[in-house]
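Printed here is upload18.tsv (TSV, C-alpha atoms):
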chain	number	residue	atom	x	y	z
A	292	MET	CA	-37.36	35.13	23.14
A	293	ALA	CA	-35.18	32.05	23.50
A	294	LEU	CA	-32.43	31.26	21.00
A	295	THR	CA	-32.32	27.81	19.42
A	296	PHE	CA	-28.88	26.18	19.26
A	297	LEU	CA	-28.90	23.22	16.85
A	298	THR	CA	-26.12	20.61	16.90
A	299	ASP	CA	-25.56	17.05	15.70
A	300	HIS	CA	-24.09	15.99	19.07
A	301	THR	CA	-26.26	12.94	19.55
A	302	SER	CA	-24.00	10.53	21.46
A	303	PRO	CA	-24.26	10.67	25.28
A	304	LEU	CA	-20.74	12.07	25.63
A	305	MET	CA	-21.20	14.75	22.99
A	306	ARG	CA	-24.71	15.62	24.13
A	307	GLY	CA	-23.36	15.99	27.64
A	308	LEU	CA	-20.82	18.51	26.40
A	309	ALA	CA	-23.51	20.51	24.58
A	310	ASP	CA	-25.64	20.54	27.74
A	311	ARG	CA	-22.63	21.76	29.74
A	312	VAL	CA	-21.90	24.54	27.26
A	313	VAL	CA	-25.49	25.80	27.38
A	314	ALA	CA	-25.62	25.54	31.19
A	315	ASP	CA	-22.42	27.58	31.50
A	316	TRP	CA	-23.89	30.22	29.20
A	317	HIS	CA	-26.99	30.51	31.39
A	318	GLU	CA	-24.83	30.86	34.48
A	319	ARG	CA	-22.95	33.73	32.87
A	320	HIS	CA	-25.95	35.27	31.09
A	321	PRO	CA	-29.13	34.55	33.08
A	322	GLU	CA	-30.98	37.13	31.03
A	323	SER	CA	-30.47	35.14	27.81
A	324	THR	CA	-32.17	31.80	27.22
A	325	VAL	CA	-30.71	29.24	24.83
A	326	GLU	CA	-32.58	26.05	23.99
A	327	LEU	CA	-30.54	23.12	22.74
A	328	ALA	CA	-31.85	21.10	19.80
A	329	VAL	CA	-30.12	17.95	18.56
A	330	LEU	CA	-30.41	16.15	15.22
A	331	ASP	CA	-28.53	13.17	13.85
A	332	HIS	CA	-25.84	14.31	11.44
A	333	GLU	CA	-27.39	12.67	8.38
A	334	GLU	CA	-30.80	14.12	9.22
A	335	LEU	CA	-29.32	17.58	9.77
A	336	ARG	CA	-27.52	17.40	6.43
A	337	ASP	CA	-30.72	16.47	4.62
A	338	GLU	CA	-32.82	19.14	6.32
A	339	LEU	CA	-30.28	21.94	6.08
A	340	PRO	CA	-31.53	23.57	2.84
A	341	ALA	CA	-35.10	23.80	4.13
A	342	ARG	CA	-33.96	25.11	7.50
A	343	LEU	CA	-31.95	27.90	5.89
A	344	THR	CA	-34.47	28.96	3.26
A	345	GLY	CA	-37.79	28.57	5.05
A	346	ALA	CA	-39.10	29.92	8.33
A	347	PRO	CA	-36.32	30.32	10.93
A	348	SER	CA	-35.79	27.06	12.80
A	349	ALA	CA	-32.47	27.72	14.55
A	350	ASP	CA	-30.41	30.75	15.50
A	351	ILE	CA	-27.03	29.04	15.76
A	352	MET	CA	-26.09	25.86	13.92
A	353	THR	CA	-23.17	23.49	13.68
A	354	TRP	CA	-21.58	22.66	10.33
A	355	PHE	CA	-18.25	22.32	8.50
A	356	ALA	CA	-15.67	24.62	6.98
A	357	GLY	CA	-14.54	24.26	3.36
A	358	ASN	CA	-16.78	23.92	0.34
A	359	ARG	CA	-19.80	23.01	2.44
A	360	MET	CA	-19.54	26.51	3.93
A	361	ASP	CA	-18.68	28.20	0.64
A	362	ALA	CA	-21.91	26.97	-0.91
A	363	LEU	CA	-24.04	28.39	1.91
A	364	ALA	CA	-22.24	31.72	2.06
A	365	GLY	CA	-22.42	32.08	-1.72
A	366	LYS	CA	-26.21	31.86	-1.48
A	367	ASP	CA	-26.36	34.46	1.34
A	368	LEU	CA	-27.68	31.87	3.78
A	369	MET	CA	-25.18	32.73	6.53
A	370	LEU	CA	-24.95	35.89	8.61
A	371	ASN	CA	-21.81	37.99	8.21
A	372	ILE	CA	-19.97	37.89	11.54
A	373	SER	CA	-16.94	40.03	10.65
A	374	ALA	CA	-17.73	42.68	13.26
A	375	MET	CA	-18.01	40.08	16.01
A	376	TRP	CA	-14.74	38.43	14.96
A	377	LYS	CA	-12.91	41.76	15.24
A	378	ALA	CA	-14.61	42.79	18.46
A	379	GLU	CA	-13.65	39.50	20.13
A	380	GLY	CA	-10.02	39.80	19.00
A	381	PHE	CA	-10.10	36.34	17.46
A	382	ASP	CA	-7.34	37.24	15.00
A	383	ALA	CA	-4.89	37.38	17.90
A	384	VAL	CA	-5.78	33.96	19.33
A	385	TYR	CA	-6.83	31.83	16.35
A	386	LEU	CA	-4.24	29.84	14.42
A	387	PRO	CA	-3.60	31.30	10.92
A	388	ARG	CA	-4.99	28.23	9.19
A	389	PHE	CA	-8.39	28.84	10.72
A	390	ARG	CA	-8.45	32.55	10.02
A	391	ASN	CA	-8.31	32.14	6.27
A	392	MET	CA	-9.36	28.63	5.38
A	393	THR	CA	-12.89	29.09	4.08
A	394	GLY	CA	-12.39	30.13	0.50
A	395	GLY	CA	-11.63	33.82	0.87
A	396	MET	CA	-14.46	34.33	3.37
A	397	GLY	CA	-11.96	34.20	6.19
A	398	PRO	CA	-13.91	34.28	9.43
A	399	SER	CA	-16.67	36.50	8.07
A	400	TYR	CA	-19.40	33.88	8.06
A	401	PHE	CA	-18.19	30.75	9.82
A	402	LEU	CA	-16.59	30.29	13.23
A	403	PRO	CA	-14.23	27.27	13.25
A	404	THR	CA	-14.05	25.90	16.78
A	405	SER	CA	-12.41	22.48	16.51
A	406	HIS	CA	-10.61	20.11	14.20
A	407	TYR	CA	-9.63	16.47	14.48
A	408	TRP	CA	-7.50	13.72	13.01
A	409	TRP	CA	-8.24	10.64	10.95
A	410	ALA	CA	-6.28	7.51	11.75
A	411	VAL	CA	-6.33	3.72	11.78
A	412	TYR	CA	-8.07	2.56	14.97
A	413	TYR	CA	-7.47	-0.89	16.47
A	414	ARG	CA	-7.56	-2.94	19.68
A	415	PRO	CA	-4.04	-3.48	21.11
A	416	SER	CA	-5.22	-6.75	22.68
A	417	VAL	CA	-6.34	-8.08	19.28
A	418	PHE	CA	-3.01	-7.15	17.70
A	419	ALA	CA	-1.14	-8.84	20.52
A	420	ALA	CA	-3.21	-12.03	20.27
A	421	ALA	CA	-2.47	-12.16	16.52
A	422	GLY	CA	1.26	-11.70	17.15
A	423	VAL	CA	1.43	-8.14	15.80
A	424	THR	CA	4.05	-6.25	17.75
A	425	GLY	CA	4.14	-2.48	17.67
A	426	THR	CA	2.04	-0.37	15.33
A	427	PRO	CA	2.67	-0.21	11.58
A	428	THR	CA	4.38	2.89	10.22
A	429	THR	CA	5.22	1.61	6.72
A	430	TRP	CA	3.12	-0.20	4.15
A	431	ASP	CA	5.22	-3.35	4.49
A	432	GLU	CA	4.55	-3.35	8.23
A	433	LEU	CA	0.85	-2.84	7.64
A	434	THR	CA	0.56	-5.69	5.15
A	435	ALA	CA	2.50	-7.94	7.54
A	436	ALA	CA	-0.02	-7.05	10.25
A	437	CYS	CA	-2.86	-7.83	7.83
A	438	ARG	CA	-1.40	-11.25	7.08
A	439	ALA	CA	-1.00	-12.00	10.78
A	440	LEU	CA	-4.60	-10.98	11.45
A	441	LYS	CA	-5.91	-13.12	8.59
A	442	SER	CA	-3.93	-16.08	9.89
A	443	SER	CA	-5.76	-15.62	13.19
A	444	GLY	CA	-9.15	-15.59	11.46
A	445	ILE	CA	-9.58	-11.82	11.71
A	446	THR	CA	-10.39	-9.65	8.68
A	447	PRO	CA	-7.81	-6.84	8.58
A	448	PHE	CA	-10.17	-3.88	8.01
A	449	ALA	CA	-13.79	-2.94	8.52
A	450	LEU	CA	-14.93	-0.27	6.05
A	451	GLY	CA	-18.43	0.82	7.02
A	452	ALA	CA	-19.37	2.82	3.93
A	453	ARG	CA	-23.15	2.91	4.10
A	454	TYR	CA	-22.93	6.70	4.56
A	455	ARG	CA	-19.92	6.95	2.23
A	456	CYS	CA	-17.39	8.98	4.27
A	457	PRO	CA	-15.07	6.07	5.20
A	458	ALA	CA	-14.74	5.09	1.54
A	459	ALA	CA	-13.82	8.70	0.69
A	460	ALA	CA	-11.21	8.60	3.47
A	461	TRP	CA	-9.59	5.56	1.87
A	462	PHE	CA	-9.42	7.39	-1.43
A	463	ASP	CA	-7.94	10.50	0.21
A	464	TYR	CA	-5.24	8.59	2.03
A	465	LEU	CA	-4.27	6.26	-0.79
A	466	ASN	CA	-4.01	9.22	-3.15
A	467	MET	CA	-1.93	11.25	-0.70
A	468	ARG	CA	0.35	8.29	0.11
A	469	LEU	CA	0.78	7.13	-3.51
A	470	ASN	CA	0.90	10.49	-5.31
A	471	GLY	CA	1.57	13.05	-2.60
A	472	PRO	CA	-0.56	15.83	-1.13
A	473	ASP	CA	0.17	18.22	-4.01
A	474	VAL	CA	-1.44	15.89	-6.53
A	475	HIS	CA	-4.35	15.30	-4.18
A	476	ASP	CA	-4.81	19.05	-3.71
A	477	ALA	CA	-4.72	19.60	-7.48
A	478	LEU	CA	-7.39	16.93	-7.94
A	479	MET	CA	-9.59	18.54	-5.29
A	480	ARG	CA	-9.25	21.89	-7.06
A	481	LEU	CA	-10.31	20.34	-10.40
A	482	ARG	CA	-6.88	20.86	-11.94
A	483	ILE	CA	-6.17	17.30	-13.04
A	484	PRO	CA	-8.56	14.71	-14.52
A	485	TYR	CA	-9.81	11.64	-12.70
A	486	THR	CA	-8.64	9.64	-15.70
A	487	ASP	CA	-5.05	10.71	-15.05
A	488	ASP	CA	-2.79	7.65	-14.75
A	489	ARG	CA	-1.88	8.68	-11.21
A	490	ILE	CA	-5.52	8.43	-10.13
A	491	ARG	CA	-5.93	5.16	-12.01
A	492	ARG	CA	-2.98	3.91	-9.96
A	493	VAL	CA	-4.89	4.68	-6.76
A	494	PHE	CA	-7.80	2.52	-7.88
A	495	ALA	CA	-5.44	-0.25	-9.02
A	496	PHE	CA	-3.69	-0.26	-5.64
A	497	TRP	CA	-7.00	-0.22	-3.79
A	498	ARG	CA	-8.32	-3.05	-5.97
A	499	GLU	CA	-5.42	-5.26	-4.90
A	500	LEU	CA	-6.37	-4.73	-1.26
A	501	ILE	CA	-9.98	-5.62	-1.98
A	502	GLU	CA	-9.03	-8.73	-3.94
A	503	GLN	CA	-6.78	-9.84	-1.07
A	504	GLU	CA	-9.93	-9.73	1.08
A	505	PHE	CA	-8.54	-7.09	3.40
A	506	PHE	CA	-12.04	-5.65	3.97
A	507	LEU	CA	-14.93	-7.09	5.96
A	508	GLY	CA	-18.03	-8.06	3.98
A	509	ASP	CA	-19.80	-5.63	1.68
A	510	PRO	CA	-18.72	-2.13	2.82
A	511	GLY	CA	-22.03	-0.68	1.67
A	512	ASP	CA	-24.00	-2.97	3.99
A	513	TYR	CA	-22.79	-1.46	7.25
A	514	ASP	CA	-21.96	1.98	8.61
A	515	GLU	CA	-19.05	3.52	10.47
A	516	GLU	CA	-20.44	2.72	13.90
A	517	GLU	CA	-20.85	-0.92	12.91
A	518	ALA	CA	-17.29	-0.93	11.56
A	519	VAL	CA	-15.99	0.22	14.94
A	520	ALA	CA	-18.19	-2.41	16.60
A	521	ALA	CA	-16.55	-5.09	14.42
A	522	VAL	CA	-13.16	-3.94	15.70
A	523	LEU	CA	-14.39	-3.97	19.29
A	524	ARG	CA	-15.65	-7.54	18.81
A	525	GLY	CA	-12.37	-8.65	17.28
A	526	GLU	CA	-14.09	-9.55	14.01
A	527	ALA	CA	-11.98	-6.94	12.21
A	528	GLY	CA	-8.54	-5.80	13.20
A	529	MET	CA	-8.67	-2.14	12.16
A	530	THR	CA	-10.82	0.64	10.73
A	531	LEU	CA	-9.90	3.99	9.19
A	532	THR	CA	-12.06	6.58	10.92
A	533	GLY	CA	-12.17	10.03	12.46
A	534	ALA	CA	-11.26	10.84	16.04
A	535	TYR	CA	-14.96	11.16	16.88
A	536	ALA	CA	-15.14	7.35	16.85
A	537	THR	CA	-14.14	7.16	20.52
A	538	ASP	CA	-16.66	9.87	21.44
A	539	GLU	CA	-19.56	8.31	19.58
A	540	TYR	CA	-18.99	4.60	18.98
A	541	THR	CA	-17.02	3.15	21.90
A	542	PRO	CA	-17.87	2.80	25.59
A	543	GLN	CA	-16.80	5.88	27.52
A	544	GLY	CA	-13.26	5.47	28.79
A	545	GLU	CA	-12.71	2.24	26.81
A	546	PRO	CA	-9.00	1.46	27.48
A	547	ASP	CA	-8.47	-1.15	24.76
A	548	ILE	CA	-8.71	1.14	21.74
A	549	ASP	CA	-5.85	3.03	20.13
A	550	PHE	CA	-4.82	4.42	16.74
A	551	PHE	CA	-1.88	5.11	14.46
A	552	ARG	CA	-1.17	7.27	11.45
A	553	PHE	CA	-2.15	5.86	8.06
A	554	PRO	CA	1.15	4.23	7.07
A	555	VAL	CA	3.60	5.61	4.55
A	556	ILE	CA	3.63	3.93	1.13
A	557	ASP	CA	6.27	6.05	-0.66
A	558	PRO	CA	8.81	7.49	1.81
A	559	THR	CA	10.01	10.03	-0.78
A	560	LEU	CA	6.67	11.89	-0.71
A	561	PRO	CA	5.55	14.57	1.75
A	562	ILE	CA	3.01	13.47	4.34
A	563	GLY	CA	-0.57	14.64	3.94
A	564	GLU	CA	-3.29	14.26	6.53
A	565	ASP	CA	-7.04	14.80	6.63
A	566	THR	CA	-8.19	17.09	9.41
A	567	PRO	CA	-11.79	18.27	9.01
A	568	VAL	CA	-12.78	21.50	10.72
A	569	ASP	CA	-16.04	21.88	12.61
A	570	GLY	CA	-17.67	25.03	13.84
A	571	TYR	CA	-20.81	27.11	13.98
A	572	PHE	CA	-22.64	29.81	12.09
A	573	VAL	CA	-25.70	32.04	12.40
A	574	PRO	CA	-28.29	31.43	9.66
A	575	ALA	CA	-29.15	34.57	7.75
A	576	ASN	CA	-32.86	33.96	8.45
A	577	THR	CA	-32.53	34.18	12.24
A	578	ASP	CA	-34.98	36.47	14.01
A	579	SER	CA	-32.34	37.42	16.60
A	580	PRO	CA	-29.08	38.19	14.78
A	581	GLU	CA	-27.46	40.25	17.54
A	582	GLU	CA	-28.18	37.81	20.36
A	583	ALA	CA	-27.29	34.84	18.17
A	584	THR	CA	-23.97	36.44	17.29
A	585	ARG	CA	-23.28	37.00	20.98
A	586	PHE	CA	-23.81	33.30	21.68
A	587	LEU	CA	-21.66	32.41	18.67
A	588	ALA	CA	-18.82	34.48	20.15
A	589	TYR	CA	-19.19	32.47	23.35
A	590	LEU	CA	-18.84	29.21	21.37
A	591	GLY	CA	-15.52	30.52	20.08
A	592	SER	CA	-14.29	31.46	23.54
A	593	ARG	CA	-11.30	29.94	25.31
A	594	HIS	CA	-13.62	28.52	27.97
A	595	VAL	CA	-15.74	26.52	25.54
A	596	GLN	CA	-12.78	25.22	23.56
A	597	GLN	CA	-11.00	24.23	26.78
A	598	VAL	CA	-14.03	22.31	28.04
A	599	THR	CA	-14.39	20.67	24.62
A	600	ILE	CA	-10.89	19.21	24.38
A	601	GLU	CA	-11.08	17.97	27.96
A	602	ARG	CA	-14.22	15.99	27.12
A	603	LEU	CA	-13.90	15.00	23.46
A	604	SER	CA	-11.26	13.66	21.08
A	605	THR	CA	-10.77	16.93	19.27
A	606	LEU	CA	-8.29	19.77	18.92
A	607	PRO	CA	-8.82	23.51	19.42
A	608	THR	CA	-8.57	26.25	16.83
A	609	ARG	CA	-7.30	28.77	19.40
A	610	THR	CA	-3.70	29.09	20.54
A	611	ASP	CA	-4.50	29.78	24.22
A	612	VAL	CA	-6.14	26.45	25.07
A	613	ASP	CA	-4.21	24.13	27.39
A	614	THR	CA	-4.01	20.98	25.27
A	615	GLU	CA	-2.13	19.13	28.02
A	616	LYS	CA	-5.47	18.84	29.79
A	617	GLY	CA	-6.98	17.05	26.81
A	618	GLY	CA	-8.08	13.43	26.89
A	619	ARG	CA	-5.63	10.58	26.49
A	620	HIS	CA	-5.76	10.63	22.69
A	621	VAL	CA	-5.36	14.37	22.17
A	622	ALA	CA	-1.56	14.48	22.43
A	623	LYS	CA	-1.15	11.63	19.93
A	624	GLY	CA	-3.63	13.19	17.52
A	625	MET	CA	-1.75	16.48	17.72
A	626	ARG	CA	1.52	14.69	16.94
A	627	ILE	CA	0.02	13.13	13.82
A	628	LEU	CA	-1.10	16.50	12.49
A	629	GLN	CA	2.07	18.31	13.56
A	630	GLY	CA	4.11	15.69	11.73
A	631	ALA	CA	2.28	16.36	8.46
A	632	ASP	CA	3.71	18.37	5.60
A	633	HIS	CA	0.24	19.26	4.32
A	634	LEU	CA	-3.21	19.36	5.90
A	635	SER	CA	-6.35	18.80	3.87
A	636	GLN	CA	-9.85	18.71	5.29
A	637	PHE	CA	-11.70	15.83	3.67
A	638	TYR	CA	-12.82	14.82	0.20
A	639	ASP	CA	-16.30	16.36	0.39
A	640	LEU	CA	-14.99	19.52	2.06
A	641	ASP	CA	-12.08	20.12	-0.31
A	642	THR	CA	-13.80	19.66	-3.68
A	643	PRO	CA	-17.12	21.14	-4.90
A	644	TRP	CA	-20.03	19.38	-3.26
A	645	GLU	CA	-21.76	18.45	-6.52
A	646	LEU	CA	-18.63	16.59	-7.62
A	647	ALA	CA	-17.98	15.19	-4.14
A	648	ASN	CA	-21.48	13.72	-4.10
A	649	VAL	CA	-20.68	11.78	-7.28
A	650	GLY	CA	-17.23	10.88	-6.00
A	651	MET	CA	-18.26	9.49	-2.64
A	652	SER	CA	-20.88	7.28	-4.26
A	653	ALA	CA	-18.28	6.13	-6.80
A	654	PHE	CA	-15.84	5.15	-4.04
A	655	VAL	CA	-18.49	3.01	-2.33
A	656	SER	CA	-19.36	1.39	-5.66
A	657	PHE	CA	-15.69	0.68	-6.27
A	658	ALA	CA	-15.25	-0.89	-2.83
A	659	GLN	CA	-18.19	-3.17	-3.65
A	660	ASP	CA	-17.16	-3.96	-7.24
A	661	PRO	CA	-13.57	-2.93	-8.14
A	662	ALA	CA	-14.01	-4.26	-11.69
A	663	ARG	CA	-15.99	-1.06	-12.33
A	664	GLY	CA	-12.97	1.13	-11.61
A	665	GLU	CA	-12.43	2.54	-15.10
A	666	GLU	CA	-16.14	3.17	-15.62
A	667	LEU	CA	-16.36	5.01	-12.28
A	668	LEU	CA	-13.32	7.15	-13.03
A	669	ARG	CA	-14.86	8.16	-16.36
A	670	GLU	CA	-18.07	9.10	-14.53
A	671	LEU	CA	-16.05	11.20	-12.11
A	672	GLU	CA	-14.19	12.89	-14.92
A	673	SER	CA	-17.48	13.72	-16.62
A	674	ALA	CA	-18.70	15.28	-13.36
A	675	ARG	CA	-15.44	17.26	-13.08
A	676	GLN	CA	-15.89	18.56	-16.62
A	677	ASP	CA	-19.44	19.61	-15.76
A	678	GLN	CA	-18.09	21.59	-12.83
A	679	LEU	CA	-15.52	23.31	-15.01
A	680	ARG	CA	-18.15	24.25	-17.59
A	681	ARG	CA	-20.45	25.70	-14.95
A	682	ARG	CA	-17.85	27.45	-12.84
A	683	GLY	CA	-14.91	28.05	-15.11
A	684	PRO	CA	-11.37	26.91	-14.20
A	685	ALA	CA	-10.89	26.53	-10.45
A	686	THR	CA	-8.85	29.20	-8.71
A	687	PRO	CA	-6.89	28.83	-5.47
A	688	ARG	CA	-9.01	29.03	-2.36

Please re-express this file's structure in structure tokens.
Amino acid sequence: MALTFLTDHTSPLMRGLADRVVADWHERHPESTVELAVLDHEELRDELPARLTGAPSADIMTWFAGNRMDALAGKDLMLNISAMWKAEGFDAVYLPRFRNMTGGMGPSYFLPTSHYWWAVYYRPSVFAAAGVTGTPTTWDELTAACRALKSSGITPFALGARYRCPAAAWFDYLNMRLNGPDVHDALMRLRIPYTDDRIRRVFAFWRELIEQEFFLGDPGDYDEEEAVAAVLRGEAGMTLTGAYATDEYTPQGEPDIDFFRFPVIDPTLPIGEDTPVDGYFVPANTDSPEEATRFLAYLGSRHVQQVTIERLSTLPTRTDVDTEKGGRHVAKGMRILQGADHLSQFYDLDTPWELANVGMSAFVSFAQDPARGEELLRELESARQDQLRRRGPATPR
């Protein structure tokens, strides 16, 4: 019986990688058939509960580490892979962060296979035409670049928040840059209220950017791909997005696209960065647990991670992958993360999903109407209190 391998690799470049991975498996294991199935990320997210609780629909699936994984494992929807992890010797070749990052589960249920950076993406030619020299590293340099872009008739930022993640990224980065990663981490762990003056300061700072018309149009009217397209057209100067943007939203090999670290606002604070972690798991309802686990081990192999970084803008979770063979952005992305004092994942991966769902919608609403800031923070605090009542005080993950 064939295994079904379900991913959200829908762009031509990413789909090509998934096809290559499956083809290489068949070459090595002709006795084992794996069929690739692909769903758009949003569709996969919406269908996930039914796929994990109904009749088996996939034997290996892609998803995220963090609280998204915790919720599935806590409901016994993921197969325990501890024996495979030990048999493959992954402890010896996986970076410590990825051995123990999933809320005490360690590697028992989820196999992290890649992570990536978030950064400010821009066209060097557009910056040059607007008279922006170099890339901003401080907030003063960024605001100077924004003024130069506006003088040239270019909106500084596109924020395509139709599917919410880019708005959450702005909240993450402004909070980390204004208050530091420790405060951000405490907020994610439910330890401080959203009505704390430090969080109010984040919204106040963000409101000033909105009122200076730093953002293109209504952020809720367009998505992340359309935000990147606005940058490619020169309609917007920059967009804050994940490294996948060049794999999914730009022409393959596009030379006139680059990125820089979200600039420092307070130089006295440690640097925090978002670096979401992707990987795979075996649903507990699979009909072929042993064979599925064998394919999962292959996805965590050095071969697959090496092929992945050579084709995509991503970083490996293993220590034995030759990152010098990565694409042209890999070395810079690594430098951004290596220069961080603290690594988070992302808003909806670091805080309980029920709260994150409220939060991400609130951030989009704020970007559309910043006058609602206080009301939205109170709504978020109410949602945080609900979490505390249901779960008890948060403990370190």

Could the residues of stretch 437-461 of chain A that have an atom at most 8 Å from stretch 408-422 of chain A be listed as a Markdown table, each with its closest atom pair and the distance in Å to one decimal, counting only C-alpha atoms and ordered by chain and ascending residue number?
| residue | atom | partner | partner_atom | distance |
| --- | --- | --- | --- | --- |
| A:Ala439 | CA | A:Ala421 | CA | 5.9 |
| A:Leu440 | CA | A:Ala421 | CA | 5.6 |
| A:Ser442 | CA | A:Ala421 | CA | 7.8 |
| A:Ser443 | CA | A:Ala421 | CA | 5.8 |

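When atom CA of A:Leu308 is paired with atom CA of A:Ala349, their separation reads 19.0 Å.
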
Distance of atom CA of A:Val325 from atom CA of A:Ala293, expressed in Å to one decimal place: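 Between atom CA of A:Ala293 and atom CA of A:Val325 the gap is 5.4 Å.
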
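Put simply, atom CA of A:Arg455 is 24.4 Å away from atom CA of A:Leu343.
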
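Candidate residues A:Val384, A:Leu327, A:Val555, A:Val621 were compared for distance to A:Thr434, and the nearest is A:Val555, using all atoms listed in the file.
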
From A:Pro457, A:Arg682, A:Leu469, A:Ala583, residue lying nearest A:Leu531 [all atoms listed in the file]: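 Once distances to A:Leu531 are computed over all atoms listed in the file, the minimum belongs to A:Pro457.
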
Close residues, stretch 470-475 of chain A itself excluded, 7 Å, all atoms listed in the file, min 5 positions apart in chain, as a PyMOL selection string: chain A and resi 489+560-563+633
